[in-house]
Amino acid sequence: MIVLGLESSCDETAAAVVENGTRVHASIVASQNDIHAEYAGVVPELASRAHVERVLPVVRQALGEAGLGLGMVDAIAVGHRPGLIGCLLVGVAAAKALAWSLDKPLIGVDHVHAHLYAGELGQPAADAASLFPALGLVVSGGHTSVYEVTSWTSLRRLGATIDDAMGEAYDKAAAILGLPFPGGPNLDRLAREHAGGERIALPVSRLGHDSLDFSFSGLKTALLYAVKGVPGERVPQTPPALDDARRRVLAASFQHAACEAVRLKLTRAIEQSASRGMRFRRLLVGGGVTANTRLREVLGEVAAAHALTMRLPALDVCVDNAAMIAGLGCELLRAGERSDLSLLAVPTTSA
Ligand code: KG4
Ligand code: ZN
């Protein structure tokens, strides 16, 4: 089955052609970084307008690279939730028009769930028995969630961030350190340069002793105080100058604390599920922050410690892309799911 996937939930306009869920014939991502860089964040109206201009060119490019005509596409998959509503509408309208005019099935895909599928792309197809039940982690600019995944159509969210998403915290931390947009990858690079060096203690959020939720706002504030000093202190301390050496120490310290919070919550999720008699087979991970050097190490350590198999997504499919939408769309279609032309763009995730 050849699925054409479309993605337009935020600031990437993407189209991909994927065969049988895992074989990626083409994956085109038109980034809007140049448009939003001067605002240091995504401006929704500018993003929607750019999607309108780019959606058909990326579809043409994907089909051209795959060497396929539209008539050879068996189904259209589109990320229809969650995201910026004006942006989602562009992809959903384009997908409906294609499905209707080609008279092919349409499937709406939850973008956050699709991130969990990224590791399967380009790999031999895994059978359900080797995959499920799986523990899922999505860490992106908008989401930080842990899932119990019993099939591609059955996901239960066990925990999520109560404030900033992990990628958002990285981006804000990078801004505090005066690093340019996009913050997450720049902070990662700085921390990598400092690997093995001195660190300062920054808080690893735990929340309640059995909570599987995340919180990154305390870590962000601790970093801010380490840079600017603590307001209202009885004996004010002047923080060290924020030179390159100090930036590296702070970046490595932030990265360490953020990634340890992930290790803690995944370990808790595994232990809690085991106590309910559920033994996970696979650790499914995805989202922009899974491109992070330290997080990739920590995820490998968690998987090894609990005998979970893991397929770390290739770096180009950690961030937003349409191949993951087409891949998961194929699984949903195989499971008998279908959308029709009443498919809505929805700003929130389904679970
Ligand atoms: O999944 P994604 O492309 O978009 C959303 O669905 O949100 O994730 C983007 C996020 C941004 O916050 C970006 O800073 C972060 O992923 N990110 C990283 C790295 N690469 C991307 N964060 C830390 N280290 C990285 N190497
Ligand atoms: Zn995403």
# chains A, B, ... in the order shown; residues from 1 in each chain; ligands from 1
call {"tool": "residues_near_ligand", "arguments": {"ligand": "ligand 1", "cutoff": "6 Å", "atoms": "only C-alpha atoms and all ligand atoms", "output": "list in words"}}
result
Ser140, Gly141, Gly142, Gly167, Glu168, Tyr170, Asp171, Pro182, Gly183, Gly184, Pro185, Asp188, Gly287, Gly288, Val289, Ala291, Asn292, Val319 and Asp320 of chain A
call {"tool": "residues_near_ligand", "arguments": {"ligand": "ligand 2", "cutoff": "10 Å", "atoms": "only C-alpha atoms and all ligand atoms", "output": "ChimeraX atom specification"}}
result
/A:7-12,79,82-83,111-115,138-143,286-289,317-321
call {"tool": "residues_around", "arguments": {"residues": "Asp103 (chain A)", "least_positions_apart": "6", "cutoff": "10 Å", "atoms": "only C-alpha atoms", "output": "PDB file with all heavy atoms, in the first residue's frame"}}
result
ATOM      1  N   GLY A  71      -1.784   8.833  -9.503  1.00  0.00           N
ATOM      2  CA  GLY A  71      -2.653   7.676  -9.709  1.00  0.00           C
ATOM      3  C   GLY A  71      -2.133   6.417  -9.031  1.00  0.00           C
ATOM      4  O   GLY A  71      -2.884   5.453  -8.849  1.00  0.00           O
ATOM      5  N   ASP A  74      -2.261   4.891  -3.039  1.00  0.00           N
ATOM      6  CA  ASP A  74      -3.422   4.098  -2.595  1.00  0.00           C
ATOM      7  C   ASP A  74      -4.254   4.806  -1.532  1.00  0.00           C
ATOM      8  O   ASP A  74      -5.420   4.472  -1.332  1.00  0.00           O
ATOM      9  CB  ASP A  74      -2.950   2.752  -2.020  1.00  0.00           C
ATOM     10  CG  ASP A  74      -2.273   1.915  -3.092  1.00  0.00           C
ATOM     11  OD1 ASP A  74      -2.878   1.748  -4.165  1.00  0.00           O
ATOM     12  OD2 ASP A  74      -1.134   1.458  -2.864  1.00  0.00           O
ATOM     13  N   ALA A  75      -3.641   5.732  -0.800  1.00  0.00           N
ATOM     14  CA  ALA A  75      -4.393   6.413   0.274  1.00  0.00           C
ATOM     15  C   ALA A  75      -3.670   7.697   0.653  1.00  0.00           C
ATOM     16  O   ALA A  75      -2.468   7.849   0.396  1.00  0.00           O
ATOM     17  CB  ALA A  75      -4.505   5.503   1.496  1.00  0.00           C
ATOM     18  N   LYS A  96      -8.016  16.329   1.859  1.00  0.00           N
ATOM     19  CA  LYS A  96      -9.404  16.015   1.456  1.00  0.00           C
ATOM     20  C   LYS A  96      -9.562  16.183  -0.054  1.00  0.00           C
ATOM     21  O   LYS A  96     -10.178  15.346  -0.717  1.00  0.00           O
ATOM     22  CB  LYS A  96     -10.385  16.949   2.161  1.00  0.00           C
ATOM     23  CG  LYS A  96     -10.641  16.613   3.608  1.00  0.00           C
ATOM     24  CD  LYS A  96     -11.655  17.604   4.141  1.00  0.00           C
ATOM     25  CE  LYS A  96     -11.898  17.427   5.606  1.00  0.00           C
ATOM     26  NZ  LYS A  96     -12.784  18.459   6.153  1.00  0.00           N
ATOM     27  N   ALA A  97      -9.004  17.271  -0.580  1.00  0.00           N
ATOM     28  CA  ALA A  97      -9.137  17.526  -2.019  1.00  0.00           C
ATOM     29  C   ALA A  97      -8.477  16.399  -2.815  1.00  0.00           C
ATOM     30  O   ALA A  97      -9.042  15.911  -3.800  1.00  0.00           O
ATOM     31  CB  ALA A  97      -8.499  18.870  -2.369  1.00  0.00           C
TER      32      ALA A  97
END
call {"tool": "residues_around", "arguments": {"residues": "Ala257 (chain A)", "least_positions_apart": "5", "cutoff": "8 Å", "atoms": "only C-alpha atoms", "output": "MDAnalysis selection string"}}
result
chainID A and resid 202:204 219
call {"tool": "select_by_dssp", "arguments": {"residues": "region 57-177 of chain A", "states": "strand (DSSP E or B)", "output": "ChimeraX atom specification"}}
result
/A:75-81,106-110,134-139,144-151,154-161
call {"tool": "decode", "arguments": {"residues": "region 17-29 of chain A", "atoms": "N, CA, C and O atoms", "output": "mmCIF file, in the first residue's frame"}}
result
data_model
loop_
_atom_site.group_PDB
_atom_site.id
_atom_site.type_symbol
_atom_site.label_atom_id
_atom_site.label_comp_id
_atom_site.auth_asym_id
_atom_site.auth_seq_id
_atom_site.Cartn_x
_atom_site.Cartn_y
_atom_site.Cartn_z
ATOM 1 N N VAL A 17 6.055 9.973 0.695
ATOM 2 C CA VAL A 17 5.468 8.787 0.056
ATOM 3 C C VAL A 17 6.081 7.573 0.750
ATOM 4 O O VAL A 17 7.305 7.406 0.754
ATOM 5 N N VAL A 18 5.238 6.760 1.384
ATOM 6 C CA VAL A 18 5.717 5.606 2.162
ATOM 7 C C VAL A 18 4.960 4.359 1.718
ATOM 8 O O VAL A 18 3.736 4.389 1.578
ATOM 9 N N GLU A 19 5.725 3.284 1.489
ATOM 10 C CA GLU A 19 5.103 2.034 1.036
ATOM 11 C C GLU A 19 5.042 1.050 2.197
ATOM 12 O O GLU A 19 6.031 0.845 2.919
ATOM 13 N N ASN A 20 3.904 0.438 2.366
ATOM 14 C CA ASN A 20 3.693 -0.582 3.409
ATOM 15 C C ASN A 20 4.154 -0.149 4.795
ATOM 16 O O ASN A 20 4.669 -0.951 5.576
ATOM 17 N N GLY A 21 4.010 1.109 5.091
ATOM 18 C CA GLY A 21 4.245 1.596 6.457
ATOM 19 C C GLY A 21 5.677 1.943 6.794
ATOM 20 O O GLY A 21 5.919 2.759 7.683
ATOM 21 N N THR A 22 6.656 1.321 6.137
ATOM 22 C CA THR A 22 8.038 1.554 6.584
ATOM 23 C C THR A 22 9.003 1.976 5.467
ATOM 24 O O THR A 22 10.050 2.551 5.745
ATOM 25 N N ARG A 23 8.669 1.654 4.210
ATOM 26 C CA ARG A 23 9.625 1.955 3.134
ATOM 27 C C ARG A 23 9.391 3.383 2.631
ATOM 28 O O ARG A 23 8.386 3.664 1.975
ATOM 29 N N VAL A 24 10.327 4.273 2.960
ATOM 30 C CA VAL A 24 10.159 5.692 2.635
ATOM 31 C C VAL A 24 10.720 5.960 1.238
ATOM 32 O O VAL A 24 11.925 5.903 1.019
ATOM 33 N N HIS A 25 9.840 6.261 0.290
ATOM 34 C CA HIS A 25 10.290 6.571 -1.070
ATOM 35 C C HIS A 25 10.714 8.033 -1.178
ATOM 36 O O HIS A 25 11.584 8.369 -1.964
ATOM 37 N N ALA A 26 10.056 8.909 -0.422
ATOM 38 C CA ALA A 26 10.418 10.327 -0.430
ATOM 39 C C ALA A 26 9.852 10.980 0.826
ATOM 40 O O ALA A 26 8.764 10.621 1.278
ATOM 41 N N SER A 27 10.625 11.900 1.389
ATOM 42 C CA SER A 27 10.145 12.648 2.563
ATOM 43 C C SER A 27 10.675 14.079 2.430
ATOM 44 O O SER A 27 11.861 14.321 2.590
ATOM 45 N N ILE A 28 9.768 14.977 2.092
ATOM 46 C CA ILE A 28 10.163 16.362 1.826
ATOM 47 C C ILE A 28 9.658 17.244 2.974
ATOM 48 O O ILE A 28 8.481 17.172 3.351
ATOM 49 N N VAL A 29 10.551 18.041 3.528
ATOM 50 C CA VAL A 29 10.166 18.957 4.609
ATOM 51 C C VAL A 29 10.598 20.361 4.217
ATOM 52 O O VAL A 29 11.794 20.613 4.038
#
